[in-house]
Amino acid sequence: MTDTKPPLHLLIAAPRGFCAGVDRAIRIVELALERWGAPVYVRHEIVHNKFVVDSLKAKGAVFVTELDEVPDDVPVVFSAHGVPKAVPAKAEERGLTYVDATCPLVSKVHRQAERLVEQGKHILFVGHAGHPEVIGSFGQVPQGSMTLIETAADAEAVAPADPERLAFLTQTTLSVDDTAEILGVLKRRFPLIQAPRSEDICYATSNRQAAVKAIAGQCDAVIVIGAGNSSNSLRLVEVAERSGARARLVARAADLDFGWLEGVRTLGLTAGASAPELLVREMVDRLAEHFDVTEEQTEGVTERMVFKLPAGLAA
């Protein structure tokens, strides 16, 4: 008698995976390697995904934590998360060739911060302490120009020197719902607070969270493919849990705990903005080893965003 695999209905969220900023950043490293040859140094992970980083290492990229680790005679790329102004300034001082792969939507936040400080505003910046994007954003303006707000409790407690000269900005990869709650507190407490011209949470973050919300209620569990240091991936896990499904972040198919899937008949699957589609297909193949899988690709927003490459690397 042959064992039959238990059935598993797989709801695959759309959109998922790579966003335009991640695509651009990876392409910048690849083009830098084509132009200058290996090694090309990259300050911090170009995006938060080990598979992507390891793939670029295999092509000749060298990842370092700080600019001091970059030799004088090699090019360096700055990660998609953005860097403080002091980093390119130091690179120029040393005469380094560098390419800035900061996501244009993060750069937009940087420019807004500069303009607001020039207007005499103090910025309440909603984000996660220690995240590279937050560090980079704080590094665009003089020290003391911004205050970090991580939670609604922070928003209730903050006591700015001049409540009538405030503005807010946000990290691009936050929970849409959490951020709305925090901003609701800030707007209630400081009615004159100036909002950005357009929402700072990026289109890809919003779209992926909406896609998870759309499927989570139909799922017993949801797998999010992504790295543990990827903010947008962690937010997808939270969104799924709040929508009633148990959820787990998994980096690669080989890391999947099948015991966790005990009793699951409908499984949601998505990927953070730094995770390539290859890892989604890898996960589907792994699930098919243990289950009789039926796939359903959900309908979602079609993303057509494309960002230009830096002039020096564009074909």
# chains A, B, ... in the order shown; residues from 1 in each chain; ligands from 1
$ closest_atom_pairs --of "region 127-219 of chain A" --to "region 280-304 of chain A" --cutoff "9 Å" --atoms "only C-alpha atoms" --output "Markdown table"
| residue | atom | partner | partner_atom | distance |
| --- | --- | --- | --- | --- |
| A:Tyr203 | CA | A:Glu303 | CA | 8.8 |
| A:Ala204 | CA | A:Glu303 | CA | 8.1 |
| A:Asn207 | CA | A:Val301 | CA | 7.0 |
| A:Ala210 | CA | A:Gly300 | CA | 8.7 |
| A:Ala211 | CA | A:Gly300 | CA | 6.5 |
| A:Ala214 | CA | A:Thr298 | CA | 8.9 |
| A:Ile215 | CA | A:Thr298 | CA | 8.1 |
$ write_last_selection --atoms "N, CA and C atoms" --output "PDB file, in the first residue's frame"
ATOM      1  N   TYR A 203       5.241  52.089  -2.051  1.00  0.00           N
ATOM      2  CA  TYR A 203       4.166  51.372  -2.742  1.00  0.00           C
ATOM      3  C   TYR A 203       4.317  49.855  -2.558  1.00  0.00           C
ATOM      4  N   ALA A 204       5.559  49.361  -2.603  1.00  0.00           N
ATOM      5  CA  ALA A 204       5.778  47.917  -2.523  1.00  0.00           C
ATOM      6  C   ALA A 204       5.419  47.382  -1.144  1.00  0.00           C
ATOM      7  N   ASN A 207       1.553  47.479  -0.916  1.00  0.00           N
ATOM      8  CA  ASN A 207       0.937  46.467  -1.776  1.00  0.00           C
ATOM      9  C   ASN A 207       1.114  45.057  -1.228  1.00  0.00           C
ATOM     10  N   ALA A 210      -1.183  44.571   1.777  1.00  0.00           N
ATOM     11  CA  ALA A 210      -2.571  44.422   1.338  1.00  0.00           C
ATOM     12  C   ALA A 210      -2.803  43.032   0.751  1.00  0.00           C
ATOM     13  N   ALA A 211      -1.817  42.514   0.025  1.00  0.00           N
ATOM     14  CA  ALA A 211      -1.951  41.191  -0.580  1.00  0.00           C
ATOM     15  C   ALA A 211      -2.038  40.104   0.491  1.00  0.00           C
ATOM     16  N   ALA A 214      -5.411  40.124   2.102  1.00  0.00           N
ATOM     17  CA  ALA A 214      -6.435  39.567   1.214  1.00  0.00           C
ATOM     18  C   ALA A 214      -6.522  38.047   1.297  1.00  0.00           C
ATOM     19  N   ILE A 215      -5.408  37.388   1.643  1.00  0.00           N
ATOM     20  CA  ILE A 215      -5.430  35.922   1.671  1.00  0.00           C
ATOM     21  C   ILE A 215      -5.444  35.334   3.079  1.00  0.00           C
TER      22      ILE A 215
END
$ residues_around --residues "Asp68 (chain A)" --least-positions-apart "6" --cutoff "12 Å" --atoms "only C-alpha atoms" --output "JSON, numbers by chain"
{"A": [41, 42, 43, 76, 87, 90, 91, 94, 96]}
$ write_last_selection --atoms "C-alpha atoms" --output "PDB file, in the first residue's frame"
ATOM      1  CA  TYR A  41      33.010  46.652  -2.415  1.00  0.00           C
ATOM      2  CA  VAL A  42      29.519  47.155  -1.000  1.00  0.00           C
ATOM      3  CA  ARG A  43      28.939  49.001   2.263  1.00  0.00           C
ATOM      4  CA  VAL A  76      32.272  50.974  -3.546  1.00  0.00           C
ATOM      5  CA  VAL A  87      29.594  58.456   4.186  1.00  0.00           C
ATOM      6  CA  LYS A  90      34.272  60.546   3.438  1.00  0.00           C
ATOM      7  CA  ALA A  91      34.436  58.608   0.162  1.00  0.00           C
ATOM      8  CA  ARG A  94      39.514  59.638   0.113  1.00  0.00           C
ATOM      9  CA  LEU A  96      37.047  56.710  -3.860  1.00  0.00           C
TER      10      LEU A  96
END
$ select_by_dssp --residues "region 124-290 of chain A" --states "alpha helix (DSSP H)" --output "PyMOL selection string"
chain A and resi 132-138+152-157+176-189+203-216+231-242+277-290
$ atom_distance --atom1 "CA of Val126 (chain A)" --atom2 "CA of Leu105 (chain A)"
15.6 Å
$ select_by_dssp --residues "region 156-200 of chain A" --states "strand (DSSP E)" --output "list in words"
Leu166, Ala167, Phe168, Leu169 and Thr170 of chain A
$ residues_around --residues "Leu269 (chain A)" --least-positions-apart "2" --cutoff "6 Å" --atoms "only C-alpha atoms" --output "short mmCIF file (atom, residue, chain, number, x, y, z; two decimals) with C-alpha atoms, in the first residue's frame"
data_model
loop_
_atom_site.label_atom_id
_atom_site.label_comp_id
_atom_site.auth_asym_id
_atom_site.auth_seq_id
_atom_site.Cartn_x
_atom_site.Cartn_y
_atom_site.Cartn_z
CA ILE A 12 0.31 32.59 -3.40
CA VAL A 222 1.10 31.87 6.12
CA ILE A 223 4.78 31.55 5.18
#
$ closest_residue --among "A:Leu10, A:Ala254, A:Ile225, A:Ala86" --to "Ile135 (chain A)" --atoms "only C-alpha atoms"
A:Ala86
$ residues_around --residues "Ile28 (chain A)" --least-positions-apart "4" --cutoff "12 Å" --atoms "only C-alpha atoms" --output "ChimeraX atom specification"
/A:21-24,32-36,40-42,46-47,56,61,75-80,98-103,307-315
$ write_last_selection --atoms "N, CA and C atoms" --output "mmCIF file, in the first residue's frame"
data_model
loop_
_atom_site.group_PDB
_atom_site.id
_atom_site.type_symbol
_atom_site.label_atom_id
_atom_site.label_comp_id
_atom_site.auth_asym_id
_atom_site.auth_seq_id
_atom_site.Cartn_x
_atom_site.Cartn_y
_atom_site.Cartn_z
ATOM 1 N N GLY A 21 13.075 49.144 -6.263
ATOM 2 C CA GLY A 21 14.290 49.619 -5.600
ATOM 3 C C GLY A 21 15.306 48.517 -5.394
ATOM 4 N N VAL A 22 14.825 47.308 -5.070
ATOM 5 C CA VAL A 22 15.711 46.154 -4.902
ATOM 6 C C VAL A 22 16.292 45.737 -6.248
ATOM 7 N N ASP A 23 15.440 45.654 -7.267
ATOM 8 C CA ASP A 23 15.914 45.331 -8.617
ATOM 9 C C ASP A 23 17.045 46.278 -9.028
ATOM 10 N N ARG A 24 16.822 47.562 -8.802
ATOM 11 C CA ARG A 24 17.798 48.586 -9.194
ATOM 12 C C ARG A 24 19.110 48.405 -8.429
ATOM 13 N N ALA A 32 28.376 47.471 -11.860
ATOM 14 C CA ALA A 32 29.665 47.930 -11.340
ATOM 15 C C ALA A 32 30.727 46.846 -11.548
ATOM 16 N N LEU A 33 30.363 45.593 -11.333
ATOM 17 C CA LEU A 33 31.297 44.493 -11.561
ATOM 18 C C LEU A 33 31.657 44.369 -13.037
ATOM 19 N N GLU A 34 30.661 44.585 -13.910
ATOM 20 C CA GLU A 34 30.936 44.541 -15.350
ATOM 21 C C GLU A 34 31.870 45.675 -15.768
ATOM 22 N N ARG A 35 31.665 46.830 -15.186
ATOM 23 C CA ARG A 35 32.440 48.005 -15.604
ATOM 24 C C ARG A 35 33.853 47.993 -15.043
ATOM 25 N N TRP A 36 33.998 47.700 -13.758
ATOM 26 C CA TRP A 36 35.302 47.820 -13.106
ATOM 27 C C TRP A 36 35.958 46.479 -12.822
ATOM 28 N N VAL A 40 34.329 44.570 -6.357
ATOM 29 C CA VAL A 40 33.589 45.800 -6.066
ATOM 30 C C VAL A 40 33.125 45.676 -4.620
ATOM 31 N N TYR A 41 33.401 46.687 -3.826
ATOM 32 C CA TYR A 41 33.010 46.652 -2.415
ATOM 33 C C TYR A 41 31.599 47.212 -2.259
ATOM 34 N N VAL A 42 30.873 46.684 -1.295
ATOM 35 C CA VAL A 42 29.519 47.155 -1.000
ATOM 36 C C VAL A 42 29.438 47.416 0.494
ATOM 37 N N ILE A 46 23.554 44.905 0.349
ATOM 38 C CA ILE A 46 22.915 45.742 -0.670
ATOM 39 C C ILE A 46 21.401 45.741 -0.484
ATOM 40 N N VAL A 47 20.853 44.567 -0.148
ATOM 41 C CA VAL A 47 19.464 44.420 0.310
ATOM 42 C C VAL A 47 19.497 43.340 1.390
ATOM 43 N N LEU A 56 25.811 37.688 -5.148
ATOM 44 C CA LEU A 56 26.691 38.778 -5.579
ATOM 45 C C LEU A 56 28.128 38.553 -5.120
ATOM 46 N N ALA A 61 31.554 40.592 -5.533
ATOM 47 C CA ALA A 61 31.253 41.678 -4.606
ATOM 48 C C ALA A 61 31.799 41.333 -3.222
ATOM 49 N N PRO A 75 36.225 50.426 -6.350
ATOM 50 C CA PRO A 75 34.927 51.113 -6.258
ATOM 51 C C PRO A 75 34.087 50.563 -5.115
ATOM 52 N N VAL A 76 33.159 51.385 -4.630
ATOM 53 C CA VAL A 76 32.272 50.974 -3.546
ATOM 54 C C VAL A 76 30.844 51.381 -3.876
ATOM 55 N N VAL A 77 29.896 50.521 -3.510
ATOM 56 C CA VAL A 77 28.473 50.778 -3.715
ATOM 57 C C VAL A 77 27.822 50.935 -2.345
ATOM 58 N N PHE A 78 26.945 51.942 -2.220
ATOM 59 C CA PHE A 78 26.187 52.127 -0.982
ATOM 60 C C PHE A 78 24.845 51.420 -1.110
ATOM 61 N N SER A 79 24.372 50.823 -0.021
ATOM 62 C CA SER A 79 23.205 49.939 -0.080
ATOM 63 C C SER A 79 21.905 50.681 -0.377
ATOM 64 N N ALA A 80 20.875 49.888 -0.688
ATOM 65 C CA ALA A 80 19.566 50.442 -1.049
ATOM 66 C C ALA A 80 18.901 51.187 0.092
ATOM 67 N N TYR A 98 32.551 55.847 -6.101
ATOM 68 C CA TYR A 98 31.412 55.222 -5.426
ATOM 69 C C TYR A 98 30.140 55.393 -6.243
ATOM 70 N N VAL A 99 29.220 54.456 -6.018
ATOM 71 C CA VAL A 99 27.899 54.511 -6.641
ATOM 72 C C VAL A 99 26.872 54.364 -5.528
ATOM 73 N N ASP A 100 25.905 55.250 -5.520
ATOM 74 C CA ASP A 100 24.872 55.233 -4.483
ATOM 75 C C ASP A 100 23.652 54.463 -4.989
ATOM 76 N N ALA A 101 23.386 53.310 -4.375
ATOM 77 C CA ALA A 101 22.243 52.481 -4.774
ATOM 78 C C ALA A 101 21.022 52.726 -3.896
ATOM 79 N N THR A 102 21.009 53.836 -3.150
ATOM 80 C CA THR A 102 19.852 54.153 -2.307
ATOM 81 C C THR A 102 18.568 54.127 -3.131
ATOM 82 N N CYS A 103 17.547 53.458 -2.624
ATOM 83 C CA CYS A 103 16.251 53.440 -3.310
ATOM 84 C C CYS A 103 15.768 54.871 -3.498
ATOM 85 N N PHE A 307 12.858 52.169 -11.740
ATOM 86 C CA PHE A 307 13.703 53.302 -11.391
ATOM 87 C C PHE A 307 14.912 53.361 -12.309
ATOM 88 N N LYS A 308 15.296 54.547 -12.695
ATOM 89 C CA LYS A 308 16.453 54.741 -13.552
ATOM 90 C C LYS A 308 17.735 54.356 -12.824
ATOM 91 N N LEU A 309 18.686 53.858 -13.605
ATOM 92 C CA LEU A 309 20.005 53.570 -13.055
ATOM 93 C C LEU A 309 20.818 54.858 -12.971
ATOM 94 N N PRO A 310 21.824 54.907 -12.109
ATOM 95 C CA PRO A 310 22.713 56.086 -12.089
ATOM 96 C C PRO A 310 23.320 56.337 -13.457
ATOM 97 N N ALA A 311 23.501 57.575 -13.801
ATOM 98 C CA ALA A 311 23.956 57.960 -15.148
ATOM 99 C C ALA A 311 25.244 57.251 -15.550
ATOM 100 N N GLY A 312 26.157 57.085 -14.604
ATOM 101 C CA GLY A 312 27.448 56.488 -14.931
ATOM 102 C C GLY A 312 27.391 55.015 -15.250
ATOM 103 N N LEU A 313 26.291 54.354 -14.905
ATOM 104 C CA LEU A 313 26.156 52.913 -15.144
ATOM 105 C C LEU A 313 25.091 52.574 -16.170
ATOM 106 N N ALA A 314 24.230 53.522 -16.477
ATOM 107 C CA ALA A 314 23.137 53.245 -17.410
ATOM 108 C C ALA A 314 23.706 52.881 -18.779
ATOM 109 N N ALA A 315 23.049 51.908 -19.417
ATOM 110 C CA ALA A 315 23.512 51.450 -20.719
ATOM 111 C C ALA A 315 23.335 52.528 -21.777
#
$ residues_around --residues "region 172-180 of chain A" --least-positions-apart "4" --cutoff "8 Å" --atoms "only C-alpha atoms" --output "VMD selection string"
chain A and resid 105 to 106 126 to 127 151 184 200 to 202 205 to 206 209 231 to 232 235 239
$ residues_around --residues "Val185 (chain A)" --least-positions-apart "4" --cutoff "7 Å" --atoms "only C-alpha atoms" --output "PyMOL selection string"
chain A and resi 152+155-156+181+189
$ closest_residue --among "A:Ala275, A:Ile149, A:Ala13, A:Val109" --to "His81 (chain A)" --atoms "only C-alpha atoms"
A:Val109
$ atom_distance --atom1 "CA of Phe190 (chain A)" --atom2 "CA of Glu164 (chain A)"
7.3 Å
$ decode --residues "region 137-227 of chain A" --atoms "C-alpha atoms" --output "PDB file, in the first residue's frame"
ATOM      1  CA  SER A 137      17.730  59.388   7.236  1.00  0.00           C
ATOM      2  CA  PHE A 138      18.941  60.837  10.547  1.00  0.00           C
ATOM      3  CA  GLY A 139      22.303  61.375   8.902  1.00  0.00           C
ATOM      4  CA  GLN A 140      20.861  63.825   6.362  1.00  0.00           C
ATOM      5  CA  VAL A 141      20.242  66.616   8.865  1.00  0.00           C
ATOM      6  CA  PRO A 142      22.060  68.197  11.818  1.00  0.00           C
ATOM      7  CA  GLN A 143      21.992  66.243  15.053  1.00  0.00           C
ATOM      8  CA  GLY A 144      18.961  67.113  17.166  1.00  0.00           C
ATOM      9  CA  SER A 145      16.782  67.978  14.150  1.00  0.00           C
ATOM     10  CA  MET A 146      14.800  64.750  14.390  1.00  0.00           C
ATOM     11  CA  THR A 147      13.245  62.655  17.141  1.00  0.00           C
ATOM     12  CA  LEU A 148      12.595  58.931  16.613  1.00  0.00           C
ATOM     13  CA  ILE A 149       9.067  57.674  17.265  1.00  0.00           C
ATOM     14  CA  GLU A 150       8.768  53.876  17.329  1.00  0.00           C
ATOM     15  CA  THR A 151       5.362  53.303  18.926  1.00  0.00           C
ATOM     16  CA  ALA A 152       2.039  54.962  19.705  1.00  0.00           C
ATOM     17  CA  ALA A 153       3.285  55.221  23.296  1.00  0.00           C
ATOM     18  CA  ASP A 154       6.290  57.214  22.052  1.00  0.00           C
ATOM     19  CA  ALA A 155       3.895  59.465  20.148  1.00  0.00           C
ATOM     20  CA  GLU A 156       1.893  60.059  23.331  1.00  0.00           C
ATOM     21  CA  ALA A 157       5.017  60.827  25.376  1.00  0.00           C
ATOM     22  CA  VAL A 158       7.098  63.003  23.050  1.00  0.00           C
ATOM     23  CA  ALA A 159       7.462  66.590  24.284  1.00  0.00           C
ATOM     24  CA  PRO A 160       8.912  68.804  21.536  1.00  0.00           C
ATOM     25  CA  ALA A 161      10.266  72.220  22.412  1.00  0.00           C
ATOM     26  CA  ASP A 162       7.995  73.971  19.888  1.00  0.00           C
ATOM     27  CA  PRO A 163       4.793  71.996  19.189  1.00  0.00           C
ATOM     28  CA  GLU A 164       3.778  74.469  16.493  1.00  0.00           C
ATOM     29  CA  ARG A 165       6.855  73.864  14.315  1.00  0.00           C
ATOM     30  CA  LEU A 166       6.687  70.127  13.771  1.00  0.00           C
ATOM     31  CA  ALA A 167       6.657  67.801  10.784  1.00  0.00           C
ATOM     32  CA  PHE A 168       6.679  64.031  10.464  1.00  0.00           C
ATOM     33  CA  LEU A 169       8.351  61.572   8.128  1.00  0.00           C
ATOM     34  CA  THR A 170       8.404  57.782   8.171  1.00  0.00           C
ATOM     35  CA  GLN A 171      10.597  54.858   7.280  1.00  0.00           C
ATOM     36  CA  THR A 172       9.453  53.348   3.973  1.00  0.00           C
ATOM     37  CA  THR A 173       9.017  49.750   5.187  1.00  0.00           C
ATOM     38  CA  LEU A 174       6.709  50.086   8.185  1.00  0.00           C
ATOM     39  CA  SER A 175       3.415  48.419   9.049  1.00  0.00           C
ATOM     40  CA  VAL A 176       0.706  50.477   7.363  1.00  0.00           C
ATOM     41  CA  ASP A 177      -1.705  49.911  10.266  1.00  0.00           C
ATOM     42  CA  ASP A 178       0.812  50.603  13.053  1.00  0.00           C
ATOM     43  CA  THR A 179       1.965  53.750  11.325  1.00  0.00           C
ATOM     44  CA  ALA A 180      -1.608  54.974  10.896  1.00  0.00           C
ATOM     45  CA  GLU A 181      -2.128  54.526  14.640  1.00  0.00           C
ATOM     46  CA  ILE A 182       1.057  56.438  15.495  1.00  0.00           C
ATOM     47  CA  LEU A 183       0.269  59.258  13.076  1.00  0.00           C
ATOM     48  CA  GLY A 184      -3.240  59.454  14.484  1.00  0.00           C
ATOM     49  CA  VAL A 185      -1.754  60.166  17.909  1.00  0.00           C
ATOM     50  CA  LEU A 186       0.669  62.764  16.537  1.00  0.00           C
ATOM     51  CA  LYS A 187      -2.059  64.576  14.587  1.00  0.00           C
ATOM     52  CA  ARG A 188      -4.335  64.605  17.610  1.00  0.00           C
ATOM     53  CA  ARG A 189      -1.659  65.955  19.919  1.00  0.00           C
ATOM     54  CA  PHE A 190      -0.116  68.356  17.405  1.00  0.00           C
ATOM     55  CA  PRO A 191      -2.825  69.567  15.004  1.00  0.00           C
ATOM     56  CA  LEU A 192      -0.369  71.819  13.152  1.00  0.00           C
ATOM     57  CA  ILE A 193       2.129  69.037  12.409  1.00  0.00           C
ATOM     58  CA  GLN A 194       3.167  69.080   8.754  1.00  0.00           C
ATOM     59  CA  ALA A 195       2.697  65.902   6.730  1.00  0.00           C
ATOM     60  CA  PRO A 196       4.902  64.883   3.788  1.00  0.00           C
ATOM     61  CA  ARG A 197       3.595  65.729   0.335  1.00  0.00           C
ATOM     62  CA  SER A 198       2.965  62.062  -0.307  1.00  0.00           C
ATOM     63  CA  GLU A 199       3.015  59.001   1.921  1.00  0.00           C
ATOM     64  CA  ASP A 200       6.514  57.818   2.817  1.00  0.00           C
ATOM     65  CA  ILE A 201       5.651  54.116   3.219  1.00  0.00           C
ATOM     66  CA  CYS A 202       6.580  52.823  -0.212  1.00  0.00           C
ATOM     67  CA  TYR A 203       4.166  51.372  -2.742  1.00  0.00           C
ATOM     68  CA  ALA A 204       5.778  47.917  -2.523  1.00  0.00           C
ATOM     69  CA  THR A 205       5.428  47.724   1.267  1.00  0.00           C
ATOM     70  CA  SER A 206       1.769  48.804   1.115  1.00  0.00           C
ATOM     71  CA  ASN A 207       0.937  46.467  -1.776  1.00  0.00           C
ATOM     72  CA  ARG A 208       2.545  43.405  -0.174  1.00  0.00           C
ATOM     73  CA  GLN A 209       0.769  44.015   3.125  1.00  0.00           C
ATOM     74  CA  ALA A 210      -2.571  44.422   1.338  1.00  0.00           C
ATOM     75  CA  ALA A 211      -1.951  41.191  -0.580  1.00  0.00           C
ATOM     76  CA  VAL A 212      -1.325  39.280   2.661  1.00  0.00           C
ATOM     77  CA  LYS A 213      -4.466  40.743   4.248  1.00  0.00           C
ATOM     78  CA  ALA A 214      -6.435  39.567   1.214  1.00  0.00           C
ATOM     79  CA  ILE A 215      -5.430  35.922   1.671  1.00  0.00           C
ATOM     80  CA  ALA A 216      -4.730  35.495   5.404  1.00  0.00           C
ATOM     81  CA  GLY A 217      -8.388  35.079   6.380  1.00  0.00           C
ATOM     82  CA  GLN A 218      -8.640  32.074   4.043  1.00  0.00           C
ATOM     83  CA  CYS A 219      -5.455  30.428   5.348  1.00  0.00           C
ATOM     84  CA  ASP A 220      -4.621  28.186   8.279  1.00  0.00           C
ATOM     85  CA  ALA A 221      -1.057  29.500   8.155  1.00  0.00           C
ATOM     86  CA  VAL A 222       1.096  31.874   6.119  1.00  0.00           C
ATOM     87  CA  ILE A 223       4.779  31.554   5.184  1.00  0.00           C
ATOM     88  CA  VAL A 224       6.707  34.728   4.452  1.00  0.00           C
ATOM     89  CA  ILE A 225       9.973  34.167   2.617  1.00  0.00           C
ATOM     90  CA  GLY A 226      12.485  36.725   3.798  1.00  0.00           C
ATOM     91  CA  ALA A 227      15.407  37.540   6.056  1.00  0.00           C
TER      92      ALA A 227
END
